[in-house]
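Enquirer: Dropping a structure here in C-alpha cells format, bear with me for questions.
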Amino acid sequence: MNSKTNMSSFSSVAKLLAERLEVDISTIHPDTDLESLGADSLTVVELIFDLEDEFDVKLGDERPELVVVQDIADNLDRLLKNKTTA
C-alpha cells in the first residue's frame with residue numbers, strides 16, 4: 001500500500017464523514033475518534049455502505065473495529081488492494 005492510496009482513501013472517508021455529520025472537513029484527521037465527531041454505530045454503518053457503493057467493494061460479514069477515521073481508511077485500502085489482486 002502506498003501513501004498516495006492511503007491518503008486518497010482517507011480523503012474520501014473524511015469527505016463523506018464531513019458531509020454526513022455536517023462538520024468541517026478540516027476538523028477530521030486520521031486519529032480523530034469517530035465518537036468525537038458525533039458518529040454513532042448507525043452512522044458508521046451507513047458510511048461503510050456509501051464507501052462500498054462508491055468504490056465497488058464489499059466489506060462482507062466481517063465487522064472490523066472502527067474507532068478512528070484512519071481505521072475506516074485502512075479497511076477501505078485493504079478492500080481496494082484485494083480487489084485489484086483478485
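By order of appearance in the C-alpha cells: chains A, B, ..., then residues from 1 within every chain, and ligands from 1 in the order shown.
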I'd like to know which residues of chain A are alpha helix (DSSP H) (by DSSP, run on the backbone); could you write them as JSON, numbers by chain?
Expert: {"A": [3, 4, 5, 6, 7, 8, 9, 10, 11, 12, 13, 14, 15, 16, 17, 18, 19, 20, 21, 41, 42, 43, 44, 45, 46, 47, 48, 49, 50, 51, 52, 53, 54, 55, 69, 70, 71, 72, 73, 74, 75, 76, 77, 78, 79, 80, 81, 82, 83, 84, 85]}
Enquirer: Can you pull out every residue within 12 Å of Gly38 (chain A), counting only C-alpha atoms, but drop anything in the same chain fewer than 4 positions away, and send it as a list of chain:residue names?
Expert: A:Leu17, A:Ala18, A:Arg20, A:Leu21, A:Glu22, A:Val23, A:Ile28, A:Thr32, A:Asp33, A:Leu34, A:Leu42, A:Thr43, A:Val44, A:Val68
Enquirer: Please compute the CA of Ile25 (chain A)-CA of Val69 (chain A) distance, one decimal, in Å.
Expert: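 CA of Ile25 (chain A) sits 11.8 Å away from CA of Val69 (chain A).
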Enquirer: One number please: CA of Asp24 (chain A) to CA of Val67 (chain A), in Å, one decimal.
Expert: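 About the pair CA of Asp24 (chain A) and CA of Val67 (chain A): they are 19.2 Å apart.
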Enquirer: I'd like the contact shell of region 45-50 of chain A - 9 Å cut-off, only C-alpha atoms, skipping same-chain residues fewer than 4 positions apart - returned as JSON, numbers by chain.
Expert: {"A": [13, 16, 17, 20, 40, 41, 54, 55, 58, 59, 72, 76]}
Enquirer: Restricting it to N, CA, C and O atoms, dump the selection as a JSON list (two decimals), in the first residue's frame.
Expert:
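Written file, out36.json:
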[["chain", "number", "residue", "atom", "x", "y", "z"],
["A", 13, "VAL", "N", -12.92, 9.15, 2.87],
["A", 13, "VAL", "CA", -13.62, 8.88, 4.12],
["A", 13, "VAL", "C", -13.92, 10.19, 4.84],
["A", 13, "VAL", "O", -15.04, 10.42, 5.31],
["A", 16, "LEU", "N", -16.80, 12.10, 3.11],
["A", 16, "LEU", "CA", -18.11, 11.52, 3.40],
["A", 16, "LEU", "C", -18.53, 11.76, 4.85],
["A", 16, "LEU", "O", -19.70, 12.07, 5.11],
["A", 17, "LEU", "N", -17.60, 11.64, 5.78],
["A", 17, "LEU", "CA", -17.92, 11.92, 7.18],
["A", 17, "LEU", "C", -18.34, 13.37, 7.37],
["A", 17, "LEU", "O", -19.32, 13.66, 8.06],
["A", 20, "ARG", "N", -21.86, 13.75, 5.90],
["A", 20, "ARG", "CA", -22.88, 13.04, 6.66],
["A", 20, "ARG", "C", -23.11, 13.64, 8.04],
["A", 20, "ARG", "O", -24.23, 13.73, 8.52],
["A", 40, "ASP", "N", -22.38, 7.75, 15.50],
["A", 40, "ASP", "CA", -22.82, 6.57, 16.25],
["A", 40, "ASP", "C", -22.67, 5.35, 15.35],
["A", 40, "ASP", "O", -22.24, 5.46, 14.20],
["A", 41, "SER", "N", -23.00, 4.19, 15.87],
["A", 41, "SER", "CA", -22.80, 2.95, 15.09],
["A", 41, "SER", "C", -23.62, 2.95, 13.81],
["A", 41, "SER", "O", -23.15, 2.46, 12.78],
["A", 54, "GLU", "N", -19.43, 3.60, -3.56],
["A", 54, "GLU", "CA", -18.53, 4.49, -4.29],
["A", 54, "GLU", "C", -17.33, 3.77, -4.89],
["A", 54, "GLU", "O", -16.91, 4.06, -6.00],
["A", 55, "PHE", "N", -16.79, 2.78, -4.15],
["A", 55, "PHE", "CA", -15.57, 2.10, -4.59],
["A", 55, "PHE", "C", -15.82, 0.69, -5.12],
["A", 55, "PHE", "O", -14.89, -0.01, -5.46],
["A", 58, "LYS", "N", -16.98, -4.73, -1.16],
["A", 58, "LYS", "CA", -17.91, -5.22, -0.14],
["A", 58, "LYS", "C", -17.15, -5.59, 1.11],
["A", 58, "LYS", "O", -16.18, -6.33, 1.06],
["A", 59, "LEU", "N", -17.60, -5.05, 2.22],
["A", 59, "LEU", "CA", -16.99, -5.38, 3.50],
["A", 59, "LEU", "C", -17.35, -6.80, 3.90],
["A", 59, "LEU", "O", -16.60, -7.46, 4.57],
["A", 72, "ILE", "N", -11.20, 3.29, 9.24],
["A", 72, "ILE", "CA", -12.07, 3.12, 8.08],
["A", 72, "ILE", "C", -11.24, 3.18, 6.80],
["A", 72, "ILE", "O", -11.40, 2.34, 5.91],
["A", 76, "LEU", "N", -10.72, 0.28, 3.94],
["A", 76, "LEU", "CA", -11.01, 0.57, 2.54],
["A", 76, "LEU", "C", -9.80, 0.26, 1.68],
["A", 76, "LEU", "O", -9.92, -0.38, 0.63]]
Enquirer: Using only C-alpha atoms, pick whichever of A:Ser36, A:Ser11, A:Ser26, A:Thr84 has the shortest atom-to-atom distance to Asp56 (chain A).
Expert: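 Nearest to Asp56 (chain A): A:Thr84.
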Enquirer: Using CA of Asp74 (chain A) and CA of Pro30 (chain A) as the two end points, give the distance in Å to one decimal.
Expert: 10.0 Å
Enquirer: As a PyMOL selection string, please: the residues near Ala73 (chain A) (cut-off 8 Å, only C-alpha atoms, same-chain neighbours under 2 positions excluded).
Expert: chain A and resi 6+9-10+13+69-71+75-77
Enquirer: Could those selected residues go to a file with all heavy atoms, as an mmCIF file, in the first residue's frame?
Expert:
data_model
loop_
_atom_site.group_PDB
_atom_site.id
_atom_site.type_symbol
_atom_site.label_atom_id
_atom_site.label_comp_id
_atom_site.auth_asym_id
_atom_site.auth_seq_id
_atom_site.Cartn_x
_atom_site.Cartn_y
_atom_site.Cartn_z
ATOM 1 N N ASN A 6 -3.363 5.500 0.449
ATOM 2 C CA ASN A 6 -3.842 5.697 1.795
ATOM 3 C C ASN A 6 -4.434 7.089 1.963
ATOM 4 O O ASN A 6 -5.503 7.252 2.518
ATOM 5 C CB ASN A 6 -2.704 5.460 2.786
ATOM 6 C CG ASN A 6 -3.181 5.341 4.205
ATOM 7 O OD1 ASN A 6 -4.346 5.115 4.452
ATOM 8 N ND2 ASN A 6 -2.272 5.496 5.122
ATOM 9 N N SER A 9 -7.760 7.348 0.155
ATOM 10 C CA SER A 9 -8.838 6.696 0.898
ATOM 11 C C SER A 9 -9.231 7.541 2.096
ATOM 12 O O SER A 9 -10.412 7.729 2.363
ATOM 13 C CB SER A 9 -8.415 5.303 1.359
ATOM 14 O OG SER A 9 -8.178 4.477 0.256
ATOM 15 N N PHE A 10 -8.233 8.057 2.811
ATOM 16 C CA PHE A 10 -8.535 8.912 3.960
ATOM 17 C C PHE A 10 -9.344 10.124 3.516
ATOM 18 O O PHE A 10 -10.334 10.487 4.146
ATOM 19 C CB PHE A 10 -7.262 9.362 4.690
ATOM 20 C CG PHE A 10 -7.562 10.403 5.730
ATOM 21 C CD1 PHE A 10 -8.106 10.027 6.948
ATOM 22 C CD2 PHE A 10 -7.365 11.746 5.460
ATOM 23 C CE1 PHE A 10 -8.438 10.991 7.895
ATOM 24 C CE2 PHE A 10 -7.694 12.709 6.401
ATOM 25 C CZ PHE A 10 -8.225 12.331 7.618
ATOM 26 N N VAL A 13 -12.919 9.150 2.868
ATOM 27 C CA VAL A 13 -13.617 8.877 4.123
ATOM 28 C C VAL A 13 -13.918 10.192 4.840
ATOM 29 O O VAL A 13 -15.043 10.415 5.311
ATOM 30 C CB VAL A 13 -12.779 7.938 5.028
ATOM 31 C CG1 VAL A 13 -13.373 7.839 6.420
ATOM 32 C CG2 VAL A 13 -12.673 6.550 4.396
ATOM 33 N N VAL A 69 -10.892 7.600 12.401
ATOM 34 C CA VAL A 69 -11.138 7.746 10.956
ATOM 35 C C VAL A 69 -10.175 6.880 10.151
ATOM 36 O O VAL A 69 -10.568 6.245 9.165
ATOM 37 C CB VAL A 69 -11.045 9.233 10.548
ATOM 38 C CG1 VAL A 69 -11.222 9.387 9.048
ATOM 39 C CG2 VAL A 69 -12.083 10.061 11.302
ATOM 40 N N GLN A 70 -8.914 6.811 10.564
ATOM 41 C CA GLN A 70 -7.927 6.026 9.819
ATOM 42 C C GLN A 70 -8.299 4.540 9.777
ATOM 43 O O GLN A 70 -7.968 3.852 8.816
ATOM 44 C CB GLN A 70 -6.528 6.213 10.406
ATOM 45 C CG GLN A 70 -5.437 5.614 9.539
ATOM 46 C CD GLN A 70 -5.346 6.276 8.170
ATOM 47 O OE1 GLN A 70 -5.313 7.501 8.076
ATOM 48 N NE2 GLN A 70 -5.302 5.496 7.112
ATOM 49 N N ASP A 71 -9.006 4.042 10.796
ATOM 50 C CA ASP A 71 -9.446 2.643 10.781
ATOM 51 C C ASP A 71 -10.321 2.367 9.560
ATOM 52 O O ASP A 71 -10.197 1.326 8.911
ATOM 53 C CB ASP A 71 -10.233 2.294 12.053
ATOM 54 C CG ASP A 71 -9.402 2.321 13.316
ATOM 55 O OD1 ASP A 71 -8.161 2.195 13.225
ATOM 56 O OD2 ASP A 71 -10.002 2.472 14.400
ATOM 57 N N ASN A 75 -9.251 -0.039 6.273
ATOM 58 C CA ASN A 75 -10.092 -1.139 5.791
ATOM 59 C C ASN A 75 -10.453 -0.939 4.330
ATOM 60 O O ASN A 75 -10.468 -1.897 3.561
ATOM 61 C CB ASN A 75 -11.346 -1.267 6.657
ATOM 62 C CG ASN A 75 -11.088 -2.061 7.903
ATOM 63 O OD1 ASN A 75 -11.015 -3.286 7.849
ATOM 64 N ND2 ASN A 75 -10.911 -1.394 9.021
ATOM 65 N N LEU A 76 -10.723 0.283 3.945
ATOM 66 C CA LEU A 76 -11.013 0.567 2.537
ATOM 67 C C LEU A 76 -9.795 0.257 1.677
ATOM 68 O O LEU A 76 -9.916 -0.380 0.628
ATOM 69 C CB LEU A 76 -11.437 2.032 2.377
ATOM 70 C CG LEU A 76 -11.761 2.477 0.955
ATOM 71 C CD1 LEU A 76 -12.864 1.627 0.335
ATOM 72 C CD2 LEU A 76 -12.140 3.957 0.950
ATOM 73 N N ASP A 77 -8.609 0.670 2.130
ATOM 74 C CA ASP A 77 -7.383 0.362 1.390
ATOM 75 C C ASP A 77 -7.208 -1.144 1.213
ATOM 76 O O ASP A 77 -6.836 -1.618 0.147
ATOM 77 C CB ASP A 77 -6.157 0.925 2.103
ATOM 78 C CG ASP A 77 -6.029 2.425 1.957
ATOM 79 O OD1 ASP A 77 -6.596 2.972 0.990
ATOM 80 O OD2 ASP A 77 -5.354 3.040 2.797
#
